[in-house]
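Step one of this worksheet: look at the structure below.
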Protein chains: 2
Amino acid sequence: MAKPQDRQLVEQWRSIQTTYFHTAGALERALESKFSIGLTEFEILDLVAESTDAACRMKQLGERTPMTQSAMSKVVDRLDKAGLISRQSCADDRRSLFLELTDAGRALHRQAAIEHRALLRENLGKY
Amino acid sequence: MAKPQDRQLVEQWRSIQTTYFHTAGALERALESKFSIGLTEFEILDLVAESTDAACRMKQLGERTPMTQSAMSKVVDRLDKAGLISRQSCADDRRSLFLELTDAGRALHRQAAIEHRALLRENLGKY
DNA sequence: TGTCATTCAATGACGTGTCATATAAGTTGT
DNA sequence: ACAACTTATATGACACGTCATTGAATGACA
C-alpha cells in the first residue's frame with residue numbers, strides 16, 4: 001500500500017497528463033483564434049500534408065493517429081465543408097477515400113504549422 | 001521548412017499524444033467496466049484519498065490537476081450523487097467546499113487504485 | 001455465381017468537457 | 001455600514017468525441 005514504485009508511476013502519469021492538457025489547450029486556443037480551426041483539424045491537415053504517397057488514405061491516416069475512426073470521419077467532414085480538404089473516392093476500392101489538401105488547405109496549413117511548431121517548442125518540457 | 005528540429009518536436013508531441021490516448025483509454029474502459037466510474041471520477045477520488053490536511057479542498061484540488069474548475073465541479077457532483085464523496089461547506093469560508101470520501105468511496109478507491117496502478121505499469125513506456 | 005463474412009466510412013444517440021455566466025460569500029476602502 | 005471588487009462553486013448552451021450501428025463494397029469459397 002502506497003508502494004514507492006506506484007507513487008512514481010502515478011507521478012509520471014500526471015506529468016504526462018499535465019503536459020498534454022496544457023500544450024493541447026495552448027494549441028487549441030491559438031489555432032482557433034488565429035486560423036479558426038481546432039487542434040484535431042490541424043492534425044489531420046498536418047498528416048495529409050506530410051503524406052507523400054498517393055494511396056487511398058483515410059484508412060492509413062487512422063493508423064497514424066490515436067483518433068477513432070468515427071472522430072476522423074467527423075473531422076474530415078468538417079474540413080471538407082470548410083473547403084480545406086477534398087475527399088475523392090478511390091478507383092480501385094470504392095469504399096475508400098482519397099484525401100487531398102485544397103489550395104486553401106495547403107495555404108492555411110503552411111501558416112498554422114509555423115504557429116504549431118512554435119507552441120510545441122514553447123510548451124514541451126515546460127511542465 | 002521541414003526543419004529537422006521541427007520534425008523531432010512533432011514526433012515528441014505525437015508520442016505524448018499516443019501514450020496519453022492509449023493509456024487514458026485503457027484506464028477509462030477498465031474503470032468503467034469494473035467499477036462503473038470514469039477516469040476523471042477516479043482521479044478526483046485519488047486526489048482526495050491522498051490528501052492529508054483537512055483544509056477546504058475543492059479549490060486546492062483544482063491546483064493539482066489540469067482539469068477546469070467547471071469540469072471539477074461536475075465530476076464532484078457526479079461523485080456526490082453516486083455516494084462516493086461528500087461535500088460539506090467550510091465553516092470559515094462558506095463559499096468553499098470540504099471534500100471527503102464516504103466509506104463506499106474509500107472502499108471503491110482502494111480496489112480501483114490497484115487496477116489503475118497495474119494499467120499504468122502496463123501502459124507507460126509501451127508506446 | 002450466390003451466400004456469408006469482412007472492411008471502409010458515415011451517422012445518431014449520448015456523455016462529458018469548455019466557455020461564459022450566475023450566485024453567493026468574502027474583502028476593501030470610505 | 002455601503003458600495004465595488006474579488007473569489008469559490010454551480011450551471012446552461014454548445015461542441016466534440018465515443019460507442020454502436022448502418023450502408024455500401026469487397027473477398028472468400030463452395
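Following the order of the C-alpha cells, first chain is A, next is B, and so on, with residues numbered from 1 inside each chain and ligands from 1 in the order they appear.
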
Query - Contact residues around DG17 in chain C with only C-alpha atoms (C1' of nucleotides) at 12 Å, ignoring same-chain residues under 6 positions, as number ranges by chain - result: B: 40, 67-75; D: 14-17

Chain B on chain A, least-squares, complete ordered Cα pairing, as a compact mmCIF listing (two decimals) with C-alpha atoms, in the first residue's frame:
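Done, and the output landed in selection36.txt:
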```txt
# COMPACT_ATOMS: atom_id res chain seq x y z
CA MET B 1 -0.06 0.09 -0.09
CA ALA B 2 1.43 3.43 -1.09
CA LYS B 3 4.36 1.58 -2.58
CA PRO B 4 7.05 3.96 -3.75
CA GLN B 5 7.06 2.48 -7.25
CA ASP B 6 3.35 3.17 -7.44
CA ARG B 7 3.86 6.77 -6.38
CA GLN B 8 6.46 7.21 -9.04
CA LEU B 9 4.20 5.68 -11.63
CA VAL B 10 1.39 8.02 -10.69
CA GLU B 11 3.72 11.02 -10.78
CA GLN B 12 4.85 10.05 -14.24
CA TRP B 13 1.28 9.71 -15.42
CA ARG B 14 0.25 13.06 -13.98
CA SER B 15 3.20 14.68 -15.61
CA ILE B 16 2.12 13.33 -18.99
CA GLN B 17 -1.41 14.50 -18.38
CA THR B 18 -0.28 17.96 -17.41
CA THR B 19 1.95 18.33 -20.42
CA TYR B 20 -0.74 16.99 -22.68
CA PHE B 21 -3.54 19.19 -21.37
CA HIS B 22 -1.60 22.41 -21.19
CA THR B 23 0.03 21.98 -24.57
CA ALA B 24 -3.15 20.85 -26.27
CA GLY B 25 -5.01 23.73 -24.68
CA ALA B 26 -2.48 26.28 -25.87
CA LEU B 27 -2.54 24.82 -29.40
CA GLU B 28 -6.33 24.71 -29.43
CA ARG B 29 -6.69 28.34 -28.42
CA ALA B 30 -4.04 29.67 -30.77
CA LEU B 31 -5.25 27.74 -33.81
CA GLU B 32 -8.84 28.58 -33.09
CA SER B 33 -8.27 32.29 -32.65
CA LYS B 34 -5.79 32.79 -35.48
CA PHE B 35 -7.01 30.29 -38.05
CA SER B 36 -10.47 29.26 -36.94
CA ILE B 37 -9.65 25.57 -36.84
CA GLY B 38 -9.42 23.15 -33.95
CA LEU B 39 -6.38 21.15 -32.98
CA THR B 40 -7.71 17.90 -34.40
CA GLU B 41 -8.49 19.62 -37.67
CA PHE B 42 -4.93 20.86 -37.84
CA GLU B 43 -3.58 17.44 -37.05
CA ILE B 44 -5.41 15.90 -39.97
CA LEU B 45 -4.20 18.66 -42.27
CA ASP B 46 -0.72 18.03 -40.97
CA LEU B 47 -0.91 14.31 -41.63
CA VAL B 48 -2.27 14.78 -45.12
CA ALA B 49 0.32 17.44 -45.85
CA GLU B 50 3.22 15.21 -44.94
CA SER B 51 1.78 12.25 -46.75
CA THR B 52 3.71 11.66 -49.93
CA ASP B 53 2.24 8.55 -51.49
CA ALA B 54 -0.98 8.73 -53.42
CA ALA B 55 -2.66 5.79 -51.76
CA CYS B 56 -6.25 5.72 -50.56
CA ARG B 57 -5.56 7.45 -47.35
CA MET B 58 -8.44 7.81 -44.95
CA LYS B 59 -7.67 4.38 -43.57
CA GLN B 60 -3.90 4.78 -43.41
CA LEU B 61 -4.30 8.10 -41.66
CA GLY B 62 -6.19 6.29 -38.96
CA GLU B 63 -3.13 4.20 -38.31
CA ARG B 64 -1.03 7.25 -37.65
CA THR B 65 -3.13 8.87 -35.00
CA PRO B 66 -4.77 7.70 -31.80
CA MET B 67 -8.04 9.18 -33.10
CA THR B 68 -11.04 6.94 -33.49
CA GLN B 69 -12.29 6.09 -36.96
CA SER B 70 -15.49 7.85 -36.05
CA ALA B 71 -13.70 10.97 -34.87
CA MET B 72 -11.58 11.08 -38.03
CA SER B 73 -14.63 10.80 -40.20
CA LYS B 74 -16.22 13.78 -38.50
CA VAL B 75 -13.09 15.90 -38.53
CA VAL B 76 -12.56 15.21 -42.21
CA ASP B 77 -16.17 16.08 -42.80
CA ARG B 78 -15.69 19.48 -41.16
CA LEU B 79 -12.48 20.09 -43.10
CA ASP B 80 -14.30 19.24 -46.29
CA LYS B 81 -17.15 21.60 -45.48
CA ALA B 82 -14.61 24.31 -44.67
CA GLY B 83 -13.09 23.77 -48.09
CA LEU B 84 -9.67 22.83 -46.76
CA ILE B 85 -9.60 19.25 -47.92
CA SER B 86 -11.23 17.20 -50.65
CA ARG B 87 -12.46 13.65 -50.52
CA GLN B 88 -12.44 11.65 -53.71
CA SER B 89 -13.46 8.08 -53.89
CA CYS B 90 -10.78 5.63 -54.88
CA ALA B 91 -11.01 4.00 -58.27
CA ASP B 92 -9.76 0.59 -57.19
CA ASP B 93 -11.80 0.36 -53.98
CA ARG B 94 -14.89 2.47 -53.91
CA ARG B 95 -15.27 2.15 -50.17
CA SER B 96 -12.04 4.05 -49.60
CA LEU B 97 -11.47 7.77 -49.75
CA PHE B 98 -8.53 9.60 -51.08
CA LEU B 99 -7.80 12.81 -49.20
CA GLU B 100 -6.12 15.83 -50.64
CA LEU B 101 -5.49 19.37 -49.44
CA THR B 102 -7.17 22.10 -51.40
CA ASP B 103 -5.15 25.20 -52.19
CA ALA B 104 -6.82 26.96 -49.29
CA GLY B 105 -6.00 24.00 -47.08
CA ARG B 106 -2.39 23.99 -48.13
CA ALA B 107 -2.06 27.73 -47.54
CA LEU B 108 -3.69 27.56 -44.14
CA HIS B 109 -1.60 24.60 -43.13
CA ARG B 110 1.59 26.37 -44.07
CA GLN B 111 0.79 29.29 -41.78
CA ALA B 112 -0.69 27.24 -38.98
CA ALA B 113 2.24 24.82 -38.91
CA ILE B 114 4.61 27.66 -38.03
CA GLU B 115 2.45 28.60 -35.06
CA HIS B 116 2.05 24.95 -34.12
CA ARG B 117 5.77 24.21 -34.05
CA ALA B 118 6.48 27.40 -32.12
CA LEU B 119 3.96 26.46 -29.45
CA LEU B 120 5.32 22.92 -29.22
CA ARG B 121 8.79 24.32 -28.73
CA GLU B 122 7.47 26.63 -26.07
CA ASN B 123 5.40 24.07 -24.21
CA LEU B 124 7.12 20.69 -24.36
CA GLY B 125 9.42 20.17 -21.46
CA LYS B 126 7.93 23.16 -19.70
CA TYR B 127 6.00 21.19 -17.10
```

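All residues of chain B that DSSP, run on the backbone, classes as strand (DSSP E or B) are Ile85, Ser86, Arg87, Gln88, Ser89, Leu97, Phe98, Leu99, Glu100 and Leu101 of chain B.
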
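The spacing separating C1' of DT18 in chain D from C1' of DT18 in chain C amounts to 17.7 Å.
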
Requested in this report: Give as a count of residues only every residue of chain D that touches chain B within 12 Å, counting only C-alpha atoms (C1' of nucleotides).
Outcome: 8

Report task. Considering only C-alpha atoms (C1' of nucleotides), return as a list in words whatever protein or nucleic-acid residues lie within 12 Å of DG29 in chain C, sequence-local ones (same chain, fewer than 3 positions apart) excluded. Result -> DA1, DC2, DA3, DA4 and DC5 of chain D

Could you write those residues out with C-alpha atoms (C1' of nucleotides), as a compact mmCIF listing (two decimals), in the first residue's frame?
```txt
# COMPACT_ATOMS: atom_id res chain seq x y z
C1' DA D 1 -22.16 50.14 7.01
C1' DC D 2 -22.22 50.70 1.98
C1' DA D 3 -20.60 50.22 -2.48
C1' DA D 4 -17.37 47.99 -5.65
C1' DC D 5 -14.34 44.32 -6.40
```

Requested in this report: Write out as a ChimeraX atom specification which residues come within 12 Å of DA13 in chain D when counting only C-alpha atoms (C1' of nucleotides), dropping same-chain ones fewer than 6 positions away.
Outcome: /C:18-21

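Distance-wise, C1' of DA24 in chain D and C1' of DT3 in chain C end up 16.7 Å apart.
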
Report task. Give me every alpha helix (DSSP H) residue in range 12-113 of chain B, going by DSSP on the backbone, as a VMD selection string. Result -> chain B and resid 12 to 35 39 to 50 57 to 63 69 to 81 103 to 113

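With the cut-off set to 9 Å and only C-alpha atoms (C1' of nucleotides) counted, chain C residues close to chain A are DT7, DC8, DA9 and DA10 of chain C.
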